[in-house]
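For reference, entry_18.csv (CSV, C-alpha atoms and all ligand atoms):
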chain,number,residue,atom,x,y,z
A,1,MET,CA,129.4,196.6,49.6
A,2,THR,CA,127.0,196.2,52.6
A,3,PRO,CA,124.1,193.8,52.4
A,4,SER,CA,121.7,196.8,52.3
A,5,ASN,CA,122.9,197.9,48.9
A,6,LEU,CA,123.0,194.5,47.2
A,7,PRO,CA,121.0,194.7,44.0
A,8,VAL,CA,118.7,191.6,44.8
A,9,ARG,CA,116.7,191.6,47.9
A,10,LEU,CA,114.5,188.8,49.2
A,11,ARG,CA,112.1,190.4,51.6
A,12,LEU,CA,110.9,187.6,53.9
A,13,SER,CA,107.7,188.2,55.8
A,14,SER,CA,108.0,187.0,59.4
A,15,GLU,CA,104.3,187.5,59.9
A,16,ALA,CA,103.4,185.3,56.9
A,17,LEU,CA,105.8,182.5,58.0
A,18,VAL,CA,104.3,182.4,61.4
A,19,ALA,CA,100.8,182.7,60.1
A,20,ASN,CA,101.4,179.8,57.8
A,21,TRP,CA,102.8,177.7,60.6
A,22,ARG,CA,99.8,178.5,62.8
A,23,THR,CA,97.4,177.6,59.9
A,24,MET,CA,99.2,174.3,59.6
A,25,ALA,CA,99.1,173.8,63.4
A,26,ARG,CA,95.3,174.5,63.4
A,27,ALA,CA,94.7,172.2,60.5
A,28,SER,CA,96.6,169.5,62.3
A,29,GLY,CA,93.8,169.3,64.9
A,30,ASN,CA,95.0,167.7,68.1
A,31,ALA,CA,98.5,167.0,66.7
A,32,CYS,CA,101.4,169.4,67.2
A,33,ALA,CA,102.9,170.9,64.1
A,34,GLY,CA,106.7,170.7,63.6
A,35,ALA,CA,108.6,172.2,60.8
A,36,ALA,CA,110.7,170.9,57.9
A,37,ILE,CA,113.6,173.3,57.7
A,38,LYS,CA,116.0,171.3,55.6
A,39,ALA,CA,117.9,172.7,52.6
A,40,ASN,CA,118.5,176.0,54.5
A,41,GLY,CA,114.9,176.4,55.4
A,42,TYR,CA,113.8,175.7,51.8
A,43,GLY,CA,116.1,178.5,50.6
A,44,LEU,CA,114.9,181.2,53.0
A,45,GLY,CA,117.6,180.7,55.6
A,46,ALA,CA,117.2,178.0,58.2
A,47,ARG,CA,118.4,180.0,61.2
A,48,GLY,CA,115.9,182.8,60.6
A,49,VAL,CA,113.1,180.4,60.1
A,50,ALA,CA,114.0,178.3,63.1
A,51,ASP,CA,114.3,181.3,65.4
A,52,GLN,CA,110.9,182.7,64.4
A,53,LEU,CA,109.0,179.4,64.5
A,54,ALA,CA,110.6,178.5,67.9
A,55,LYS,CA,109.3,181.8,69.2
A,56,ALA,CA,105.8,181.0,67.8
A,57,GLY,CA,105.9,177.7,69.7
A,58,CYS,CA,107.3,175.1,67.3
A,59,ARG,CA,109.3,172.4,69.1
A,60,ASP,CA,110.2,169.9,66.4
A,61,PHE,CA,112.5,170.7,63.6
A,62,PHE,CA,113.5,168.4,60.7
A,63,VAL,CA,116.7,168.8,58.7
A,64,ALA,CA,118.3,166.4,56.2
A,65,HIS,CA,122.0,166.6,57.1
A,66,TRP,CA,124.1,166.7,60.3
A,67,ALA,CA,125.9,169.8,59.1
A,68,GLU,CA,122.4,171.5,58.9
A,69,ALA,CA,121.8,170.4,62.5
A,70,ALA,CA,125.2,171.7,63.6
A,71,ALA,CA,124.4,175.1,62.1
A,72,LEU,CA,121.2,175.5,64.1
A,73,THR,CA,122.2,174.5,67.6
A,74,SER,CA,123.0,178.2,68.6
A,75,VAL,CA,119.4,179.1,67.6
A,76,ILE,CA,117.3,176.2,68.9
A,77,PRO,CA,118.0,173.4,71.4
A,78,ALA,CA,119.8,170.4,69.8
A,79,ASP,CA,117.3,168.0,71.1
A,80,GLN,CA,114.6,169.7,69.0
A,81,ILE,CA,116.5,169.1,65.8
A,82,TYR,CA,115.9,165.8,64.0
A,83,VAL,CA,118.1,164.6,61.2
A,84,LEU,CA,116.1,162.8,58.5
A,85,ASN,CA,119.0,161.2,56.6
A,86,GLY,CA,119.9,159.2,59.7
A,87,ILE,CA,123.4,158.0,60.6
A,88,GLY,CA,126.2,156.1,58.9
A,89,PRO,CA,129.2,154.7,60.7
A,90,GLN,CA,131.0,158.0,60.1
A,91,ASP,CA,128.2,160.1,61.7
A,92,VAL,CA,127.9,158.4,65.1
A,93,GLU,CA,130.5,160.5,67.0
A,94,ILE,CA,129.5,163.8,65.4
A,95,ALA,CA,125.8,163.0,66.1
A,96,LYS,CA,126.5,162.5,69.8
A,97,GLN,CA,128.6,165.6,69.9
A,98,ILE,CA,126.0,167.8,68.2
A,99,GLY,CA,123.2,166.3,70.3
A,100,ALA,CA,120.6,166.4,67.6
A,101,VAL,CA,118.3,163.4,67.2
A,102,PRO,CA,118.8,160.9,64.4
A,103,VAL,CA,115.9,159.5,62.4
A,104,LEU,CA,117.0,155.8,62.0
A,105,ASN,CA,116.1,154.6,58.5
A,106,SER,CA,117.2,151.0,58.4
A,107,PRO,CA,117.9,148.0,60.6
A,108,GLU,CA,121.6,148.8,60.2
A,109,GLN,CA,121.1,152.3,61.5
A,110,VAL,CA,119.2,151.0,64.5
A,111,HIS,CA,122.0,148.5,65.3
A,112,LEU,CA,124.6,151.2,64.9
A,113,TRP,CA,122.8,153.6,67.3
A,114,LYS,CA,122.2,150.9,69.8
A,115,ALA,CA,125.8,149.7,69.7
A,116,ALA,CA,126.9,153.3,70.2
A,117,GLN,CA,124.5,153.6,73.2
A,118,GLY,CA,122.9,156.5,71.5
A,119,ALA,CA,120.2,158.3,73.4
A,120,ARG,CA,116.8,159.4,72.1
A,121,CYS,CA,116.1,158.6,68.5
A,122,HIS,CA,113.3,158.5,65.9
A,123,VAL,CA,112.4,155.7,63.5
A,124,MET,CA,111.4,156.1,59.9
A,125,LEU,CA,109.2,153.4,58.4
A,126,ASP,CA,108.9,153.0,54.7
A,127,SER,CA,105.2,152.7,53.9
A,128,GLY,CA,105.5,152.8,50.2
A,129,ILE,CA,107.5,155.7,48.9
A,130,ASN,CA,110.5,153.3,48.7
A,131,ARG,CA,113.0,156.0,49.6
A,132,LEU,CA,114.3,155.9,53.2
A,133,GLY,CA,112.9,153.8,56.0
A,134,ILE,CA,112.5,150.4,57.5
A,135,GLY,CA,110.1,148.2,55.5
A,136,LEU,CA,107.1,146.6,57.1
A,137,GLU,CA,108.6,143.2,56.5
A,138,GLN,CA,111.8,144.1,58.3
A,139,ILE,CA,110.4,145.4,61.5
A,140,ALA,CA,110.0,142.1,63.3
A,141,SER,CA,113.7,141.4,62.8
A,142,VAL,CA,114.8,144.6,64.4
A,143,ASP,CA,115.4,144.7,68.2
A,144,PHE,CA,114.3,148.0,69.6
A,145,THR,CA,114.5,146.9,73.3
A,146,ASP,CA,116.2,149.4,75.6
A,147,MET,CA,116.0,152.1,72.9
A,148,ASP,CA,114.6,155.5,73.6
A,149,VAL,CA,112.3,155.8,70.5
A,150,ASP,CA,110.4,159.1,70.5
A,151,ILE,CA,108.8,159.5,67.0
A,152,VAL,CA,107.8,156.7,64.7
A,153,MET,CA,107.2,158.2,61.4
A,154,SER,CA,106.7,157.6,57.7
A,155,HIS,CA,106.4,159.8,54.6
A,156,LEU,CA,103.6,160.1,52.0
A,157,ALA,CA,104.5,159.9,48.4
A,158,SER,CA,101.4,161.4,46.8
A,159,ALA,CA,99.6,163.5,49.4
A,160,ASP,CA,99.2,166.3,46.9
A,161,GLU,CA,96.8,164.0,44.9
A,162,ASN,CA,93.6,162.2,45.8
A,163,VAL,CA,94.9,158.7,45.0
A,164,PRO,CA,94.5,155.3,46.7
A,165,GLN,CA,98.2,155.3,47.5
A,166,ASN,CA,97.5,157.6,50.5
A,167,GLU,CA,95.2,155.2,52.2
A,168,GLN,CA,97.4,152.3,51.3
A,169,GLN,CA,100.4,154.0,53.0
A,170,LEU,CA,98.2,154.9,56.0
A,171,GLU,CA,97.3,151.3,56.5
A,172,ILE,CA,100.9,150.2,56.3
A,173,PHE,CA,102.0,152.9,58.7
A,174,LEU,CA,99.3,151.9,61.2
A,175,ASP,CA,100.3,148.3,61.0
A,176,GLY,CA,104.1,149.1,61.3
A,177,SER,CA,103.9,151.8,64.0
A,178,VAL,CA,102.0,149.5,66.5
A,179,GLN,CA,105.0,147.2,66.4
A,180,ILE,CA,107.4,149.8,67.8
A,181,SER,CA,106.9,151.4,71.1
A,182,GLY,CA,107.6,155.0,70.4
A,183,ARG,CA,106.1,157.9,72.3
A,184,ARG,CA,104.7,159.8,69.3
A,185,ARG,CA,103.8,159.1,65.7
A,186,SER,CA,104.2,161.4,62.7
A,187,PHE,CA,103.0,160.9,59.1
A,188,ALA,CA,101.8,164.1,57.4
A,189,ASN,CA,103.8,166.7,55.4
A,190,SER,CA,102.0,169.9,54.3
A,191,ALA,CA,99.7,168.2,51.8
A,192,GLY,CA,99.1,165.3,54.1
A,193,ILE,CA,97.7,167.5,56.8
A,194,GLN,CA,94.8,168.3,54.4
A,195,LEU,CA,94.0,164.6,54.0
A,196,GLY,CA,92.3,164.7,57.4
A,197,LYS,CA,92.4,163.7,61.0
A,198,SER,CA,93.4,160.0,60.5
A,199,TYR,CA,96.7,161.3,59.0
A,200,HIS,CA,97.6,163.6,61.8
A,201,PHE,CA,98.7,161.3,64.7
A,202,GLU,CA,100.7,163.3,67.4
A,203,LEU,CA,103.0,165.4,65.2
A,204,THR,CA,102.8,166.8,61.6
A,205,ARG,CA,105.8,167.9,59.6
A,206,PRO,CA,104.9,170.7,57.2
A,207,GLY,CA,107.5,172.3,55.1
A,208,LEU,CA,106.4,173.8,51.8
A,209,ALA,CA,103.3,175.5,53.1
A,210,LEU,CA,105.3,177.4,55.8
A,211,TYR,CA,107.2,179.1,53.1
A,212,GLY,CA,104.2,180.1,51.1
A,213,GLY,CA,104.0,177.1,48.8
A,214,VAL,CA,100.5,175.7,48.0
A,215,PRO,CA,100.7,172.0,48.4
A,216,ARG,CA,97.2,171.3,47.2
A,217,PRO,CA,94.9,173.5,45.2
A,218,ASP,CA,92.4,173.3,48.1
A,219,MET,CA,94.9,175.1,50.3
A,220,LYS,CA,95.3,178.1,48.0
A,221,ASP,CA,93.2,180.5,50.1
A,222,VAL,CA,94.8,179.8,53.5
A,223,ILE,CA,98.5,180.0,52.7
A,224,VAL,CA,100.1,183.4,52.4
A,225,GLN,CA,103.1,184.5,50.4
A,226,VAL,CA,106.4,184.7,52.4
A,227,VAL,CA,109.1,185.5,49.9
A,228,PHE,CA,109.0,188.9,48.1
A,229,PRO,CA,112.0,189.5,45.8
A,230,GLN,CA,113.0,193.0,44.6
A,231,ALA,CA,115.6,193.9,42.1
A,232,GLU,CA,117.5,197.1,41.3
A,233,ILE,CA,117.3,198.8,37.9
A,234,MET,CA,120.7,198.9,36.3
A,235,GLN,CA,119.9,200.7,33.1
A,236,ILE,CA,116.9,202.2,31.1
A,237,ARG,CA,116.7,202.6,27.4
A,238,ASN,CA,114.2,203.7,24.7
A,239,LEU,CA,113.7,201.2,21.9
A,240,PRO,CA,112.5,201.9,18.4
A,241,MET,CA,109.9,199.5,17.0
A,242,GLY,CA,111.5,196.3,15.8
A,243,SER,CA,114.3,196.2,18.4
A,244,LYS,CA,115.3,192.7,19.6
A,245,VAL,CA,115.6,192.1,23.3
A,246,GLY,CA,117.9,189.6,25.0
A,247,TYR,CA,119.6,186.3,24.0
A,248,ASN,CA,118.3,184.8,20.8
A,249,ALA,CA,116.0,187.7,20.3
A,250,THR,CA,112.9,186.0,21.6
A,251,TYR,CA,111.2,189.4,22.0
A,252,ILE,CA,110.8,192.0,19.3
A,253,ALA,CA,109.3,195.4,20.1
A,254,GLU,CA,106.1,195.9,18.3
A,255,THR,CA,106.1,199.6,19.0
A,256,GLU,CA,108.4,202.1,20.5
A,257,MET,CA,109.0,201.3,24.1
A,258,THR,CA,111.0,202.0,27.2
A,259,VAL,CA,112.7,199.0,28.9
A,260,ALA,CA,114.7,198.6,32.1
A,261,THR,CA,117.4,196.0,32.8
A,262,ILE,CA,117.2,194.7,36.4
A,263,ALA,CA,119.8,192.9,38.4
A,264,ILE,CA,118.2,189.5,38.9
A,265,GLY,CA,118.6,186.4,36.8
A,266,TYR,CA,118.5,182.6,36.9
A,267,ALA,CA,121.5,182.6,39.2
A,268,ASP,CA,119.3,184.2,41.8
A,269,GLY,CA,116.6,181.7,41.2
A,270,TYR,CA,114.6,183.8,38.8
A,271,VAL,CA,114.2,180.8,36.4
A,272,ARG,CA,114.5,180.9,32.6
A,273,GLY,CA,111.0,179.5,32.3
A,274,LEU,CA,109.7,182.9,33.3
A,275,SER,CA,111.2,184.4,30.1
A,276,ASN,CA,108.6,186.5,28.3
A,277,ILE,CA,105.8,185.6,30.9
A,278,GLY,CA,106.9,186.8,34.3
A,279,ASN,CA,106.0,190.2,35.7
A,280,CYS,CA,107.5,192.8,37.9
A,281,ARG,CA,105.5,195.5,39.6
A,282,LEU,CA,105.7,199.1,40.8
A,283,GLY,CA,102.8,199.6,43.0
A,284,ASP,CA,99.8,198.6,40.9
A,285,LEU,CA,101.6,198.9,37.6
A,286,VAL,CA,102.5,195.6,36.0
A,287,LEU,CA,105.9,195.6,34.2
A,288,PRO,CA,106.1,192.5,32.0
A,289,VAL,CA,109.4,190.6,31.6
A,290,ILE,CA,110.4,190.7,28.0
A,291,GLY,CA,112.9,188.5,26.3
A,292,ARG,CA,114.9,185.7,27.9
A,293,VAL,CA,116.0,185.7,31.5
A,294,SER,CA,119.8,185.8,31.7
A,295,MET,CA,122.1,184.6,34.5
A,296,ASP,CA,122.2,188.0,36.2
A,297,LEU,CA,119.8,190.2,34.3
A,298,VAL,CA,116.2,190.5,33.2
A,299,THR,CA,114.7,193.1,30.9
A,300,ILE,CA,111.2,194.5,31.7
A,301,ASP,CA,108.9,196.8,29.9
A,302,VAL,CA,108.6,200.1,31.9
A,303,SER,CA,106.8,202.1,29.3
A,304,LYS,CA,104.1,202.7,31.8
A,305,ALA,CA,106.4,203.9,34.5
A,306,PRO,CA,108.3,206.9,33.0
A,307,ASN,CA,109.6,208.1,36.4
A,308,LEU,CA,111.7,205.0,37.1
A,309,ARG,CA,115.5,205.6,37.2
A,310,PRO,CA,118.6,203.3,37.6
A,311,GLY,CA,119.0,202.6,41.3
A,312,ASP,CA,115.3,202.2,41.9
A,313,PHE,CA,113.9,198.8,42.9
A,314,VAL,CA,111.0,197.0,41.4
A,315,ASP,CA,109.0,194.2,43.0
A,316,VAL,CA,109.4,190.8,41.2
A,317,ASP,CA,106.3,188.7,41.1
A,318,PHE,CA,107.0,185.4,43.0
A,319,ASP,CA,103.6,183.9,43.7
A,320,LEU,CA,104.8,180.3,44.0
A,321,LEU,CA,101.8,178.5,42.6
A,322,ARG,CA,101.6,180.8,39.6
A,323,ALA,CA,105.4,180.8,39.0
A,324,ALA,CA,105.4,177.0,39.1
A,325,ASN,CA,102.6,176.8,36.6
A,326,LEU,CA,104.3,179.3,34.3
A,327,SER,CA,107.8,177.9,34.6
A,328,GLY,CA,107.1,174.2,34.7
A,329,LEU,CA,109.2,173.9,37.9
A,330,SER,CA,107.9,172.7,41.2
A,331,GLN,CA,107.3,175.2,44.0
A,332,TYR,CA,110.0,173.3,46.0
A,333,GLU,CA,112.5,173.9,43.2
A,334,LEU,CA,111.6,177.6,43.0
A,335,LEU,CA,112.2,178.1,46.7
A,336,THR,CA,115.4,176.0,47.1
A,337,GLY,CA,116.8,177.6,44.0
A,338,LEU,CA,116.8,181.1,45.5
A,339,GLY,CA,120.4,182.3,45.0
A,340,GLN,CA,122.9,182.8,47.7
A,341,ARG,CA,124.0,186.3,46.7
A,342,ALA,CA,120.6,187.9,47.5
A,343,ASN,CA,120.1,190.0,50.6
A,344,ARG,CA,117.7,188.1,52.7
A,345,GLN,CA,115.8,190.5,55.0
A,346,TRP,CA,113.1,189.4,57.5
A,347,VAL,CA,110.5,192.2,57.6
A,401,LIG,C1,110.6,167.5,53.3
A,401,LIG,C2,109.9,166.6,54.2
A,401,LIG,C3,108.7,167.0,54.8
A,401,LIG,C4,108.0,168.3,54.5
A,401,LIG,O1,107.3,168.1,53.3
A,401,LIG,P1,106.5,169.3,52.6
A,401,LIG,O2,105.9,168.6,51.4
A,401,LIG,O3,107.5,170.3,52.2
A,401,LIG,O4,105.5,169.8,53.6
A,401,LIG,C5,108.2,166.1,55.8
A,401,LIG,N1,108.7,164.9,56.0
A,401,LIG,C6,109.8,164.5,55.4
A,401,LIG,C7,110.4,163.1,55.8
A,401,LIG,C8,110.5,165.3,54.5
A,401,LIG,O5,111.5,164.8,53.9
Translate this file's structure into structure tokens.
Ligand SMILES: *Cc1c(COP(=O)(O)O)cnc(C)c1O
Amino acid sequence: MTPSNLPVRLRLSSEALVANWRTMARASGNACAGAAIKANGYGLGARGVADQLAKAGCRDFFVAHWAEAAALTSVIPADQIYVLNGIGPQDVEIAKQIGAVPVLNSPEQVHLWKAAQGARCHVMLDSGINRLGIGLEQIASVDFTDMDVDIVMSHLASADENVPQNEQQLEIFLDGSVQISGRRRSFANSAGIQLGKSYHFELTRPGLALYGGVPRPDMKDVIVQVVFPQAEIMQIRNLPMGSKVGYNATYIAETEMTVATIAIGYADGYVRGLSNIGNCRLGDLVLPVIGRVSMDLVTIDVSKAPNLRPGDFVDVDFDLLRAANLSGLSQYELLTGLGQRANRQWV
């Protein structure tokens, strides 16, 4: 089996990816836009994403793990890859070998990097998400002298909402970042960019929006879809009225109808929450999902498309905002849940 005849295709639009990055870069004003490409580029494939964004001019890439950094050094220069999870004692040697840049998240990590005579580093401050980072109250006790600190950063907890926490975090970040002499500051993720100029600093770190996610409703019209799944028809059958479809018979045919079984399921990231509400398409024709989504299969109503045959492909609707609303999952989960057995094709 060659990739070209796998039954699930994820067509990934290069043009849309780059357009979204440029939109984020423009929205970042005088700041540069980097890119969060952790979790395998949010499920799309980090190498493809990094390669294309680098060609578009992106110079700052964020991953979570050292293994993710190592997998990218043949695509982008190691010194443009930043590892958000930082370093533990077991990581120091590998970090130096790979040459990617650690984001130091605690006084311990700063001491460790300093003791190892590590080169350039970044520093994460915790401004209120209480996840990773050095707390405001800890900064004074950390000795940054002789350290090559590039980016001092922090991460917003609720940038997708208009809540006082955003400004509270901004104030803490301003207060903390002046106490460390870094070259650049970075605060905003995709949603944070939309909060305005005072959140931009020198570098922004969009992730979700690059991949077609809509981080805030007010960004709906400027972000374009990147991931377009397609699935192959395995079998077509005519059903008499009253036929039951799928596990637990959650759909019962109200009339005679023609249905097709397509080779995509929740193992591919087509989540069960789209049972009986998702859609496929053939050109302008809408082909509704009927019954429950299975692991590898979905049944769709193709009564309106009598010419379809097994072996044909249909487009599977994957508008992230809509799919998230319908399924109850976040757009992040929908992207990172895209299955590994699909054929990812940049087009
Ligand atoms: C994932 C991540 C981002 C990107 O966030 P999006 O909401 O996807 O834009 C930025 N910064 C940090 C620290 C992250 O972990």
Site check for ligand LIG 401 (chain A): residues at most 8 Å away, only C-alpha atoms and all ligand atoms, as JSON, numbers by chain = {"A": [35, 36, 37, 38, 62, 64, 84, 154, 155, 187, 188, 189, 190, 191, 192, 204, 205, 206, 207, 208, 209, 210, 215, 332]}
Exercise: A:Ala95 partners within 12 Å, all atoms listed in the file, chain neighbours under 6 positions left out, as a ChimeraX atom specification = /A:65-70,78-79,81-83,85-89,101-103,112-113,116-121
Distance query A:Val226 at most 8 Å, only C-alpha atoms, self and fewer than 6 positions along chain excluded, as a PyMOL selection string | chain A and resi 12-14+16-17+211-212
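Taking all atoms listed in the file into account, A:Val347 lies nearest to A:Val227 out of the set A:Ala50, A:Val271, A:Val227, A:Leu326.
The coordinates place atom CA of A:Ala305 at 25.3 Å from atom CA of A:Asn343.
Atom CA of A:Glu108 is positioned 21.3 Å from atom CA of A:Asp175.
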Go through A:Gly48, A:Gly99, A:Gly196, A:Pro229 and flag the residue nearest A:Ala31, using all atoms listed in the file for the distances.
->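 With all atoms listed in the file as the atom set, the closest residue is A:Gly196.
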I want to know what sits within 12 Å of A:Gly45, based on all atoms listed in the file, with residues of the same chain fewer than 2 positions away left out; could you give that as an mmCIF file with C-alpha atoms, in the frame of the given file?
data_model
loop_
_atom_site.group_PDB
_atom_site.id
_atom_site.type_symbol
_atom_site.label_atom_id
_atom_site.label_comp_id
_atom_site.auth_asym_id
_atom_site.auth_seq_id
_atom_site.Cartn_x
_atom_site.Cartn_y
_atom_site.Cartn_z
ATOM 1 C CA LEU A 10 114.500 188.800 49.200
ATOM 2 C CA ARG A 11 112.100 190.400 51.600
ATOM 3 C CA LEU A 12 110.900 187.600 53.900
ATOM 4 C CA ILE A 37 113.600 173.300 57.700
ATOM 5 C CA LYS A 38 116.000 171.300 55.600
ATOM 6 C CA ALA A 39 117.900 172.700 52.600
ATOM 7 C CA ASN A 40 118.500 176.000 54.500
ATOM 8 C CA GLY A 41 114.900 176.400 55.400
ATOM 9 C CA TYR A 42 113.800 175.700 51.800
ATOM 10 C CA GLY A 43 116.100 178.500 50.600
ATOM 11 C CA ARG A 47 118.400 180.000 61.200
ATOM 12 C CA GLY A 48 115.900 182.800 60.600
ATOM 13 C CA VAL A 49 113.100 180.400 60.100
ATOM 14 C CA ALA A 50 114.000 178.300 63.100
ATOM 15 C CA ASP A 51 114.300 181.300 65.400
ATOM 16 C CA GLN A 52 110.900 182.700 64.400
ATOM 17 C CA GLU A 68 122.400 171.500 58.900
ATOM 18 C CA ALA A 71 124.400 175.100 62.100
ATOM 19 C CA LEU A 72 121.200 175.500 64.100
ATOM 20 C CA TYR A 211 107.200 179.100 53.100
ATOM 21 C CA VAL A 227 109.100 185.500 49.900
ATOM 22 C CA LEU A 335 112.200 178.100 46.700
ATOM 23 C CA THR A 336 115.400 176.000 47.100
ATOM 24 C CA LEU A 338 116.800 181.100 45.500
ATOM 25 C CA GLY A 339 120.400 182.300 45.000
ATOM 26 C CA GLN A 340 122.900 182.800 47.700
ATOM 27 C CA ALA A 342 120.600 187.900 47.500
ATOM 28 C CA ASN A 343 120.100 190.000 50.600
ATOM 29 C CA ARG A 344 117.700 188.100 52.700
ATOM 30 C CA GLN A 345 115.800 190.500 55.000
ATOM 31 C CA TRP A 346 113.100 189.400 57.500
#
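Interatomic distance, atom CA of A:Asn307 against atom CA of A:Pro7: 19.2 Å.
With distances restricted to only C-alpha atoms, A:Glu232 is the closest residue to A:Leu297 from A:Asp160, A:Asp317, A:Glu256, A:Glu232.
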Which residue of A:Ala140, A:Ala263, A:Met257, A:Val316 approaches A:Asn279 most closely, using all atoms listed in the file =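 Closest candidate: A:Val316.
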A:Glu254 proximity check over A:Cys280, A:Ile236, A:Ile290, A:Ile180, using all atoms listed in the file: winner is A:Ile290
